Amino acid sequence: MMARKRPAQRPVAETRGASVGKRGLRIGLHTYLLRHLQTFFYALGQLFQKPLATLMTSAVIGIALALPAGLHTLLNNTQQLTSDWNNSTRISLFLKQNINERQSTALAKKLRTKNEISKVDYISREQALEEFSALSGFGDALLALDENPLPTVLVVHPAMVINSSVAIEALLTELRTHPEVDLAQLDMQWVERLYAMLDTLSRGIWILASLLSLAVLLVVGNTIRLAIQNRRDEIVIIKLIGGTDAFIRRPFLYAGFWYGLFGGIIAFILVQISLLFLQEPVHHLANLYHSQFKLNKFELVNTFVLLTCATLLGYLGSWLAVNRHLKDIEPS
Amino acid sequence: MITFTNTSKRYPGGFEALNNISFNLAAGEMAFLTGHSGAGKSTLLKLIALIERCSNGQVLVNGKNLARISRRGIPYHRRNVGVIFQDHRLLFDRTVFDNVALPLVIAGNSRQEIHKRVRAALDKVGLLEKEKLYPITLSGGEQQRVGIARAVVNKPPLLLADEPTGNLDPELSREIMAIFEEFQRVGVSVLIASHDISLIQSLPYRVLQLDHGRLINDIGGRL
């Protein structure tokens with residue numbers, strides 16, 4: 001009906017040309033990053049407007065994450081404690097009662113020449129008695145005996161070349177063939193069992209961590225879902241005036257990020273406090289075992305991993321909720 | 001600017017809101033859309049803003065066939081269409097300035113640009129001194145003017161208004177219309193849905209009259 005070209009369309013075209021062309025990509029990128037940064041802190045500000053709700057959500061996340069993180073630290077400590085035992089595979093040779101000192105030292109000497117054996121400790125019957133009465137508390141009972149009931153013990157340290165259980169088993173069999181030997185015992189078995197237990201425990205912690213991570217996703221997802229519902233009108237308005245899905249999504253994703261980060265920090269604090277709380281009794285327990293063992297604090301690497309995982313979980317939980325619920329909100 | 005060709009809109013359930021509508025609104029033209037409640041005025045505006053899609057026929061806006069705009073393209077289409085609502089649809093937790101700035105923030109303008117354009121838009125609707133206030137403290141007419149400032153702040157070539165004077169007294173309505181006329185004068189196309197017959201008849205613009213989803217009258221268009 002009417003004239004098609006009117007100056008009305010010009011301003012729009014002009015601004016667009018200017019924003020891409022003259023001012024250049026750099027300023028565009030700068031504005032883009034600035035926008036992101038603003039939304040980032042805007043989301044933080046929104047959370048701080050409801051400090052109690054934010055704290056509660058973060059605390060739930062924190063507790064959920066503190067459990068596997070704390071258990072992992074304790075397990076690490078245990079593994080550290082037992083790691084030096086791994087190299088201390090020893091075979092105790094209890095010699096027959098009728099073997100005298102000359103015979104036993106001869107055997108020790110002979111064993112020392114073997115390639116598979118790095119070291120042989122010689123514990124005489126007298127030494128054994130002394131040690132036993134000192135450590136066991138049965139000293140008085142032992143004095144009542146006519147003669148020393150303890151046998152001579154040779155503690156055999158296998159060489160480093162022998163590191164498989166098969167090789168150690170072979171060595172054990174060979175040692176048993178010596179006529180002087182009454183009993184050859186591998187001191188390793190209980191360590192192996194302990195390791196098997198720790199392995200099982202480690203798996204258990206991973207399962208627990210996976211389940212609790214899922215819980216964190218759901219907690220954040222639910223919180224963000226409520227936030228989306230609360231701001232339904234705002235979302236509709238923004239959609240009406242041309243806000244893209246990405247624009248609407250952004251503050252919610254950043255909120256998820258912050259929830260995750262706060263949760264991670266709370267988890268870190270909880271683990272540290274728990275370790276501090278355990279420090280003293282563990283030290284006492286270690287003392288009873290004549291050990292210098294000290295409970296290690298949460299390492300820096302682990303802290304980083306915890307915070308990163310927490311943040312990622314928060315972001316992901318929010319992403320799931322946003323993708324699920326934002327599409328339902330359309331202006332009508 | 002807007003071309004409807006045999007356009008119909010049928011809602012799920014069978015209700016036919018628009019039936020075989022055809023008309024053309026030129027660039028820079030101002031027109032009223034009138035009719036009783038439920039005649040299809042709002043539906044027609046919704047088709048233009050892509051809040052709804054037509055069931056039959058074709059809608060062209062600014063030379064673009066709206067059927068070809070995908071879901072992802074809708075936001076970019078809406079940035080070229082300023083919409084003014086009867087209930088203003090302002091964000092009450094943000095100041096007047098922030099409300100008006102929203103379209104520019106969405107489009108990713110720089111701070112300086114936003115500041116300049118928001119103040120220009122507020123100046124046009126006469127609310128420059130109220131930029132720091134919250135919408136709740138403003139009167140109905142002032143809130144509507146904030147809505148208008150927001151609709152025009154990124155200089156769209158087309159303005160749609162759905163009952164913009166619905167809740168206002170005649171004097172305020174006149175003022176609002178005067179603002180629309182100003183935009184029309186600088187080349188913006190304006191389509192206003194209203195059932196305020198006396199106001200429409202006092203102005204020399206084209207009137208499209210709807211009745212039960214049909215376009216029964218197309219009068220005026222002297223510009």
# chains A, B, ... in the order shown; residues from 1 in each chain; ligands from 1

call {"tool": "residues_around", "arguments": {"residues": "region 35-40 of chain B", "least_positions_apart": "5", "cutoff": "8 Å", "atoms": "only C-alpha atoms", "output": "list in words"}}
result
Ala17, Leu18, Ser194, His195, Gln209, Leu210, Asp211, His212, Gly213 and Arg214 of chain B

call {"tool": "interface_residues", "arguments": {"of": "chain B", "to": "chain A", "cutoff": "6 Å", "atoms": "only C-alpha atoms", "output": "PyMOL selection string"}}
result
chain B and resi 26+75-76+78-79+106+110+157+187-188

call {"tool": "residues_around", "arguments": {"residues": "Phe293 (chain A)", "least_positions_apart": "6", "cutoff": "9 Å", "atoms": "only C-alpha atoms", "output": "list in words"}}
result
Leu81, Val282, His283, Ala286 and Asn287 of chain A

call {"tool": "select_by_dssp", "arguments": {"residues": "region 45-111 of chain A", "states": "helix (DSSP H, G or I)", "output": "PyMOL selection string"}}
result
chain A and resi 45-49+51-86+101-111

call {"tool": "atom_distance", "arguments": {"atom1": "CA of Ile21 (chain B)", "atom2": "CA of Thr7 (chain B)"}}
result
4.8 Å

call {"tool": "atom_distance", "arguments": {"atom1": "CA of Gln143 (chain B)", "atom2": "CA of Lys124 (chain B)"}}
result
14.1 Å

call {"tool": "closest_residue", "arguments": {"among": "A:Ala69, A:Ile273, A:Ala209, A:Ala227", "to": "Ala53 (chain A)", "atoms": "only C-alpha atoms"}}
result
A:Ala227

call {"tool": "residues_around", "arguments": {"residues": "Asp199 (chain A)", "least_positions_apart": "6", "cutoff": "12 Å", "atoms": "only C-alpha atoms", "output": "VMD selection string"}}
result
chain A and resid 72 75 to 76 78 to 79 192 to 193 205 to 206
